[in-house]
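See below for target_11.pdb, which holds PDB, C-alpha atoms.
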```pdb
ATOM      1  CA  MET A   9     -32.005   1.540  20.549  1.00  0.00           C
ATOM      2  CA  ASP A  10     -31.198   4.507  22.772  1.00  0.00           C
ATOM      3  CA  ALA A  11     -31.778   4.694  26.532  1.00  0.00           C
ATOM      4  CA  ALA A  12     -35.123   6.507  26.187  1.00  0.00           C
ATOM      5  CA  GLN A  13     -36.433   3.858  23.778  1.00  0.00           C
ATOM      6  CA  GLN A  14     -35.230   1.070  26.079  1.00  0.00           C
ATOM      7  CA  GLU A  15     -36.980   2.709  29.026  1.00  0.00           C
ATOM      8  CA  ALA A  16     -40.209   3.128  27.032  1.00  0.00           C
ATOM      9  CA  THR A  17     -40.079  -0.506  25.937  1.00  0.00           C
ATOM     10  CA  ALA A  18     -39.464  -1.698  29.501  1.00  0.00           C
ATOM     11  CA  ARG A  19     -42.400   0.422  30.720  1.00  0.00           C
ATOM     12  CA  ALA A  20     -44.672  -0.951  27.965  1.00  0.00           C
ATOM     13  CA  ARG A  21     -43.755  -4.523  28.918  1.00  0.00           C
ATOM     14  CA  GLU A  22     -44.487  -3.818  32.592  1.00  0.00           C
ATOM     15  CA  LEU A  23     -47.881  -2.386  31.619  1.00  0.00           C
ATOM     16  CA  GLN A  24     -48.522  -5.482  29.499  1.00  0.00           C
ATOM     17  CA  ARG A  25     -47.617  -7.673  32.474  1.00  0.00           C
ATOM     18  CA  SER A  26     -50.134  -5.828  34.649  1.00  0.00           C
ATOM     19  CA  TRP A  27     -52.879  -5.881  32.003  1.00  0.00           C
ATOM     20  CA  TYR A  28     -52.369  -9.308  30.418  1.00  0.00           C
ATOM     21  CA  GLY A  29     -50.432 -11.285  33.048  1.00  0.00           C
ATOM     22  CA  GLU A  30     -47.180 -11.252  31.083  1.00  0.00           C
ATOM     23  CA  PRO A  31     -45.498  -9.287  28.301  1.00  0.00           C
ATOM     24  CA  LEU A  32     -47.337  -9.818  25.014  1.00  0.00           C
ATOM     25  CA  GLY A  33     -44.136 -10.944  23.281  1.00  0.00           C
ATOM     26  CA  ALA A  34     -43.940 -13.982  25.593  1.00  0.00           C
ATOM     27  CA  LEU A  35     -47.680 -14.630  25.404  1.00  0.00           C
ATOM     28  CA  PHE A  36     -47.785 -14.428  21.594  1.00  0.00           C
ATOM     29  CA  ARG A  37     -44.641 -16.582  21.192  1.00  0.00           C
ATOM     30  CA  ARG A  38     -46.266 -19.266  23.358  1.00  0.00           C
ATOM     31  CA  LEU A  39     -49.434 -19.149  21.233  1.00  0.00           C
ATOM     32  CA  ILE A  40     -47.327 -19.381  18.068  1.00  0.00           C
ATOM     33  CA  ASP A  41     -45.419 -22.390  19.427  1.00  0.00           C
ATOM     34  CA  ASP A  42     -48.377 -24.238  20.963  1.00  0.00           C
ATOM     35  CA  LEU A  43     -50.729 -23.677  18.024  1.00  0.00           C
ATOM     36  CA  GLY A  44     -48.169 -24.111  15.233  1.00  0.00           C
ATOM     37  CA  LEU A  45     -48.652 -20.625  13.807  1.00  0.00           C
ATOM     38  CA  ASN A  46     -46.424 -17.952  12.388  1.00  0.00           C
ATOM     39  CA  GLN A  47     -46.747 -14.265  13.267  1.00  0.00           C
ATOM     40  CA  ALA A  48     -48.746 -13.438  10.137  1.00  0.00           C
ATOM     41  CA  ARG A  49     -51.262 -16.215  10.825  1.00  0.00           C
ATOM     42  CA  LEU A  50     -51.588 -15.226  14.495  1.00  0.00           C
ATOM     43  CA  ALA A  51     -52.202 -11.609  13.468  1.00  0.00           C
ATOM     44  CA  SER A  52     -54.876 -12.773  11.031  1.00  0.00           C
ATOM     45  CA  VAL A  53     -56.674 -14.931  13.616  1.00  0.00           C
ATOM     46  CA  LEU A  54     -56.595 -12.108  16.167  1.00  0.00           C
ATOM     47  CA  GLY A  55     -57.758  -9.463  13.695  1.00  0.00           C
ATOM     48  CA  LEU A  56     -54.590  -7.378  13.985  1.00  0.00           C
ATOM     49  CA  SER A  57     -52.281  -6.139  11.270  1.00  0.00           C
ATOM     50  CA  ALA A  58     -48.901  -7.876  11.182  1.00  0.00           C
ATOM     51  CA  PRO A  59     -47.112  -4.579  12.013  1.00  0.00           C
ATOM     52  CA  MET A  60     -49.383  -4.011  15.036  1.00  0.00           C
ATOM     53  CA  LEU A  61     -48.702  -7.542  16.298  1.00  0.00           C
ATOM     54  CA  SER A  62     -44.977  -6.917  15.887  1.00  0.00           C
ATOM     55  CA  GLN A  63     -45.196  -3.612  17.791  1.00  0.00           C
ATOM     56  CA  LEU A  64     -47.085  -5.274  20.631  1.00  0.00           C
ATOM     57  CA  MET A  65     -44.583  -8.141  20.777  1.00  0.00           C
ATOM     58  CA  SER A  66     -41.559  -5.838  20.812  1.00  0.00           C
ATOM     59  CA  GLY A  67     -42.996  -3.478  23.408  1.00  0.00           C
ATOM     60  CA  GLN A  68     -43.255  -0.529  21.016  1.00  0.00           C
ATOM     61  CA  ARG A  69     -46.957  -0.495  21.869  1.00  0.00           C
ATOM     62  CA  ALA A  70     -48.321  -1.518  25.243  1.00  0.00           C
ATOM     63  CA  LYS A  71     -52.048  -2.038  24.861  1.00  0.00           C
ATOM     64  CA  ILE A  72     -54.431  -3.897  22.599  1.00  0.00           C
ATOM     65  CA  GLY A  73     -57.040  -1.234  21.917  1.00  0.00           C
ATOM     66  CA  ASN A  74     -59.833  -3.473  20.641  1.00  0.00           C
ATOM     67  CA  PRO A  75     -61.689  -5.476  23.333  1.00  0.00           C
ATOM     68  CA  ALA A  76     -62.702  -8.095  20.749  1.00  0.00           C
ATOM     69  CA  VAL A  77     -59.016  -8.754  20.022  1.00  0.00           C
ATOM     70  CA  VAL A  78     -58.345  -9.150  23.758  1.00  0.00           C
ATOM     71  CA  GLN A  79     -61.143 -11.722  23.937  1.00  0.00           C
ATOM     72  CA  ARG A  80     -59.691 -13.550  20.918  1.00  0.00           C
ATOM     73  CA  VAL A  81     -56.316 -13.640  22.693  1.00  0.00           C
ATOM     74  CA  GLN A  82     -58.017 -15.178  25.739  1.00  0.00           C
ATOM     75  CA  ALA A  83     -59.795 -17.750  23.565  1.00  0.00           C
ATOM     76  CA  LEU A  84     -56.483 -18.695  21.930  1.00  0.00           C
ATOM     77  CA  GLN A  85     -54.816 -19.004  25.347  1.00  0.00           C
ATOM     78  CA  GLU A  86     -57.476 -21.487  26.408  1.00  0.00           C
ATOM     79  CA  LEU A  87     -57.158 -23.368  23.109  1.00  0.00           C
ATOM     80  CA  SER A  88     -53.370 -23.372  23.447  1.00  0.00           C
ATOM     81  CA  SER A  89     -53.571 -24.991  26.878  1.00  0.00           C
ATOM     82  CA  GLN A  90     -55.956 -27.634  25.524  1.00  0.00           C
ATOM     83  CA  VAL A  91     -53.562 -28.443  22.674  1.00  0.00           C
ATOM     84  CA  ALA A  92     -50.620 -28.535  25.087  1.00  0.00           C
ATOM     85  CA  ASP A  93     -52.330 -31.045  27.385  1.00  0.00           C
ATOM     86  CA  GLY A  94     -53.568 -33.176  24.482  1.00  0.00           C
ATOM     87  CA  SER A  95     -57.294 -32.658  25.029  1.00  0.00           C
ATOM     88  CA  VAL A  96     -57.632 -30.978  21.597  1.00  0.00           C
ATOM     89  CA  SER A  97     -56.019 -32.307  18.409  1.00  0.00           C
ATOM     90  CA  ALA A  98     -54.126 -30.106  15.959  1.00  0.00           C
ATOM     91  CA  ALA A  99     -56.920 -30.535  13.389  1.00  0.00           C
ATOM     92  CA  GLU A 100     -59.586 -29.529  15.894  1.00  0.00           C
ATOM     93  CA  ALA A 101     -57.445 -26.578  16.997  1.00  0.00           C
ATOM     94  CA  ALA A 102     -57.259 -25.366  13.392  1.00  0.00           C
ATOM     95  CA  GLU A 103     -61.064 -25.472  13.143  1.00  0.00           C
ATOM     96  CA  ARG A 104     -61.450 -23.612  16.420  1.00  0.00           C
ATOM     97  CA  MET A 105     -58.954 -20.959  15.343  1.00  0.00           C
ATOM     98  CA  GLU A 106     -61.197 -20.265  12.366  1.00  0.00           C
ATOM     99  CA  GLU A 107     -64.124 -19.852  14.784  1.00  0.00           C
ATOM    100  CA  VAL A 108     -62.017 -17.473  16.899  1.00  0.00           C
ATOM    101  CA  LYS A 109     -61.050 -15.497  13.799  1.00  0.00           C
ATOM    102  CA  LYS A 110     -64.705 -15.121  12.753  1.00  0.00           C
ATOM    103  CA  SER A 111     -65.884 -14.216  16.243  1.00  0.00           C
ATOM    104  CA  SER A 112     -66.628 -10.707  17.387  1.00  0.00           C
ATOM    105  CA  GLY A 113     -64.740 -11.509  20.557  1.00  0.00           C
ATOM    106  CA  GLY A 114     -67.384 -13.435  22.490  1.00  0.00           C
ATOM    107  CA  SER A 115     -66.682 -16.908  23.766  1.00  0.00           C
ATOM    108  CA  VAL A 116     -66.229 -19.426  20.985  1.00  0.00           C
ATOM    109  CA  LEU A 117     -65.475 -22.373  23.242  1.00  0.00           C
ATOM    110  CA  ASN A 118     -68.435 -24.530  23.996  1.00  0.00           C
ATOM    111  CA  SER A 119     -69.663 -24.407  27.548  1.00  0.00           C
ATOM    112  CA  THR A 120     -68.610 -27.934  28.486  1.00  0.00           C
ATOM    113  CA  GLN A 121     -65.001 -26.900  28.121  1.00  0.00           C
ATOM    114  CA  THR A 122     -65.230 -23.953  30.488  1.00  0.00           C
ATOM    115  CA  THR A 123     -67.798 -25.069  33.050  1.00  0.00           C
ATOM    116  CA  ALA A 124     -68.980 -28.347  34.442  1.00  0.00           C
ATOM    117  CA  SER A 125     -72.602 -29.355  33.881  1.00  0.00           C
ATOM    118  CA  SER A 126     -73.480 -27.809  37.254  1.00  0.00           C
ATOM    119  CA  GLY A 127     -72.286 -24.429  35.983  1.00  0.00           C
ATOM    120  CA  ALA A 128     -69.265 -24.481  38.306  1.00  0.00           C
ATOM    121  CA  PRO A 129     -65.871 -23.608  36.825  1.00  0.00           C
ATOM    122  CA  THR A 130     -63.792 -26.558  35.641  1.00  0.00           C
ATOM    123  CA  VAL A 131     -60.452 -27.421  37.230  1.00  0.00           C
ATOM    124  CA  ARG A 132     -58.710 -26.046  34.122  1.00  0.00           C
ATOM    125  CA  ARG A 133     -60.492 -22.695  34.478  1.00  0.00           C
ATOM    126  CA  VAL A 134     -59.585 -22.458  38.174  1.00  0.00           C
ATOM    127  CA  VAL A 135     -55.969 -23.363  37.440  1.00  0.00           C
ATOM    128  CA  ARG A 136     -55.745 -20.792  34.622  1.00  0.00           C
ATOM    129  CA  GLU A 137     -57.092 -18.104  36.979  1.00  0.00           C
ATOM    130  CA  ILE A 138     -54.476 -18.992  39.609  1.00  0.00           C
ATOM    131  CA  GLN A 139     -51.758 -18.921  36.930  1.00  0.00           C
ATOM    132  CA  SER A 140     -52.970 -15.570  35.635  1.00  0.00           C
ATOM    133  CA  LEU A 141     -53.012 -14.061  39.095  1.00  0.00           C
ATOM    134  CA  LEU A 142     -49.491 -15.249  39.926  1.00  0.00           C
ATOM    135  CA  ARG A 143     -48.153 -14.149  36.554  1.00  0.00           C
ATOM    136  CA  SER A 144     -49.717 -10.717  36.938  1.00  0.00           C
ATOM    137  CA  VAL A 145     -47.687 -10.227  40.121  1.00  0.00           C
ATOM    138  CA  ALA A 146     -44.299 -11.420  38.843  1.00  0.00           C
ATOM    139  CA  GLY A 147     -42.544 -12.984  35.894  1.00  0.00           C
ATOM    140  CA  ALA A 148     -41.658 -16.668  35.747  1.00  0.00           C
ATOM    141  CA  GLY A 149     -38.008 -16.014  36.632  1.00  0.00           C
ATOM    142  CA  ASP A 150     -38.930 -14.068  39.763  1.00  0.00           C
ATOM    143  CA  ILE A 151     -41.440 -16.733  40.780  1.00  0.00           C
ATOM    144  CA  ILE A 152     -38.822 -19.476  40.360  1.00  0.00           C
ATOM    145  CA  ASP A 153     -36.347 -17.398  42.414  1.00  0.00           C
ATOM    146  CA  ALA A 154     -38.964 -16.961  45.161  1.00  0.00           C
ATOM    147  CA  ALA A 155     -39.685 -20.700  45.100  1.00  0.00           C
ATOM    148  CA  GLY A 156     -35.966 -21.395  45.473  1.00  0.00           C
ATOM    149  CA  THR A 157     -35.824 -19.108  48.483  1.00  0.00           C
ATOM    150  CA  LEU A 158     -38.772 -20.895  50.095  1.00  0.00           C
ATOM    151  CA  SER A 159     -37.827 -24.461  49.162  1.00  0.00           C
ATOM    152  CA  ALA A 160     -35.882 -25.327  52.329  1.00  0.00           C
ATOM    153  CA  SER A 161     -38.379 -23.958  54.851  1.00  0.00           C
ATOM    154  CA  HIS A 162     -41.657 -24.311  52.912  1.00  0.00           C
ATOM    155  CA  PRO A 163     -41.263 -26.974  50.205  1.00  0.00           C
ATOM    156  CA  GLU A 164     -44.994 -27.310  49.465  1.00  0.00           C
ATOM    157  CA  LEU A 165     -45.381 -23.573  48.945  1.00  0.00           C
ATOM    158  CA  ALA A 166     -42.262 -23.521  46.768  1.00  0.00           C
ATOM    159  CA  GLU A 167     -43.711 -26.335  44.653  1.00  0.00           C
ATOM    160  CA  PHE A 168     -47.002 -24.432  44.315  1.00  0.00           C
ATOM    161  CA  LEU A 169     -45.169 -21.334  43.079  1.00  0.00           C
ATOM    162  CA  ARG A 170     -43.094 -23.315  40.580  1.00  0.00           C
ATOM    163  CA  VAL A 171     -46.020 -25.333  39.221  1.00  0.00           C
ATOM    164  CA  TYR A 172     -48.595 -22.537  38.953  1.00  0.00           C
ATOM    165  CA  GLY A 173     -46.264 -19.587  38.416  1.00  0.00           C
ATOM    166  CA  ALA A 174     -43.920 -21.037  35.829  1.00  0.00           C
ATOM    167  CA  GLY A 175     -45.259 -24.442  34.814  1.00  0.00           C
ATOM    168  CA  ARG A 176     -47.571 -25.586  32.049  1.00  0.00           C
ATOM    169  CA  THR A 177     -51.299 -25.703  32.618  1.00  0.00           C
ATOM    170  CA  ALA A 178     -51.447 -29.514  32.331  1.00  0.00           C
ATOM    171  CA  GLU A 179     -48.876 -29.844  35.118  1.00  0.00           C
ATOM    172  CA  ALA A 180     -50.830 -27.392  37.302  1.00  0.00           C
ATOM    173  CA  VAL A 181     -54.098 -29.261  36.654  1.00  0.00           C
ATOM    174  CA  ALA A 182     -52.445 -32.525  37.729  1.00  0.00           C
ATOM    175  CA  HIS A 183     -51.094 -30.809  40.858  1.00  0.00           C
ATOM    176  CA  TYR A 184     -54.514 -29.342  41.679  1.00  0.00           C
ATOM    177  CA  GLU A 185     -56.266 -32.676  41.228  1.00  0.00           C
ATOM    178  CA  ALA A 186     -53.632 -34.494  43.324  1.00  0.00           C
ATOM    179  CA  HIS A 187     -54.160 -32.074  46.215  1.00  0.00           C
ATOM    180  CA  GLN A 188     -57.960 -32.218  46.343  1.00  0.00           C
ATOM    181  CA  SER A 189     -59.240 -34.157  49.341  1.00  0.00           C
TER     182      SER A 189
END
```

Entire entry expressed as structure tokens:
Amino acid sequence: MDAAQQEATARARELQRSWYGEPLGALFRRLIDDLGLNQARLASVLGLSAPMLSQLMSGQRAKIGNPAVVQRVQALQELSSQVADGSVSAAEAAERMEEVKKSSGGSVLNSTQTTASSGAPTVRRVVREIQSLLRSVAGAGDIIDAAGTLSASHPELAEFLRVYGAGRTAEAVAHYEAHQS
């Protein structure tokens, strides 16, 4: 890859970070790992061609052009976090992935998973929003570096950055719940 291609790829990944909270390669690899998929299966569930998924992952393309695909990505992120924290089994995740695949991009998660009965956002939703915001500002490595810089003078803030900026959702949920008065 020549210097111009490297620069274009770096720019595409920065755009992805600003649009999606992180480069799509990292996001898609996490979905693949958490949901037990391969790239072809992920592409199928999202409604993308395998080459398009590959181009997005490698930074050859920056943006997902279809809003329905973006919504499917968001649905899979939520499902991935539920699998990771054990609240959804692998079998149930497989069923839900089929629902995501068939969806036109609207929410396929039932409302009890995203909002409490009062209509207020769940802890998981709040935590995911905090994570998204932090990750849209900086990558996990930069957040960990910042936390290291703050750890001596502001240990609680450093912990917050590490947990929400680079940790798993289940860990952040536990942190959030532990710090509610």

Would you work out the distance separating CA of Leu35 (chain A) from CA of Val81 (chain A), expressed in Å to one decimal? 9.1 Å

Skip Arg21 (chain A) itself and residues of its chain fewer than 5 positions away, then list as a PDB file with C-alpha atoms, keeping the file's coordinate frame all residues within 12 Å of it, counting all atoms listed in the file.
```pdb
ATOM      1  CA  GLN A  14     -35.230   1.070  26.079  1.00  0.00           C
ATOM      2  CA  GLU A  15     -36.980   2.709  29.026  1.00  0.00           C
ATOM      3  CA  ALA A  16     -40.209   3.128  27.032  1.00  0.00           C
ATOM      4  CA  SER A  26     -50.134  -5.828  34.649  1.00  0.00           C
ATOM      5  CA  TRP A  27     -52.879  -5.881  32.003  1.00  0.00           C
ATOM      6  CA  TYR A  28     -52.369  -9.308  30.418  1.00  0.00           C
ATOM      7  CA  GLY A  29     -50.432 -11.285  33.048  1.00  0.00           C
ATOM      8  CA  GLU A  30     -47.180 -11.252  31.083  1.00  0.00           C
ATOM      9  CA  PRO A  31     -45.498  -9.287  28.301  1.00  0.00           C
ATOM     10  CA  LEU A  32     -47.337  -9.818  25.014  1.00  0.00           C
ATOM     11  CA  GLY A  33     -44.136 -10.944  23.281  1.00  0.00           C
ATOM     12  CA  ALA A  34     -43.940 -13.982  25.593  1.00  0.00           C
ATOM     13  CA  LEU A  35     -47.680 -14.630  25.404  1.00  0.00           C
ATOM     14  CA  GLN A  63     -45.196  -3.612  17.791  1.00  0.00           C
ATOM     15  CA  LEU A  64     -47.085  -5.274  20.631  1.00  0.00           C
ATOM     16  CA  MET A  65     -44.583  -8.141  20.777  1.00  0.00           C
ATOM     17  CA  SER A  66     -41.559  -5.838  20.812  1.00  0.00           C
ATOM     18  CA  GLY A  67     -42.996  -3.478  23.408  1.00  0.00           C
ATOM     19  CA  GLN A  68     -43.255  -0.529  21.016  1.00  0.00           C
ATOM     20  CA  ARG A  69     -46.957  -0.495  21.869  1.00  0.00           C
ATOM     21  CA  ALA A  70     -48.321  -1.518  25.243  1.00  0.00           C
ATOM     22  CA  LYS A  71     -52.048  -2.038  24.861  1.00  0.00           C
ATOM     23  CA  SER A 144     -49.717 -10.717  36.938  1.00  0.00           C
ATOM     24  CA  GLY A 147     -42.544 -12.984  35.894  1.00  0.00           C
TER      25      GLY A 147
END
```

Quick one: residues within 12 Å of region 45-59 of chain A, all atoms listed in the file, excluding same-chain residues fewer than 6 positions away - as number ranges by chain? A: 33, 35-39, 65-66, 68-69, 72-85, 88, 98, 101-113

Could you work out how far CA of Ala155 (chain A) lies from CA of Leu87 (chain A), giving the answer in Å with one decimal?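 Computed distance, CA of Leu87 (chain A) to CA of Ala155 (chain A), equals 28.2 Å.
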
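Taking CA of Glu185 (chain A) as the reference point, CA of Thr130 (chain A) is found at 11.2 Å.
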
Select, from A:Ala154, A:Leu61, A:Val134, A:Leu43, the residue with the minimum atom-to-atom distance to Val96 (chain A), counting all atoms listed in the file.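 Once distances to Val96 (chain A) are computed over all atoms listed in the file, the minimum belongs to A:Leu43.
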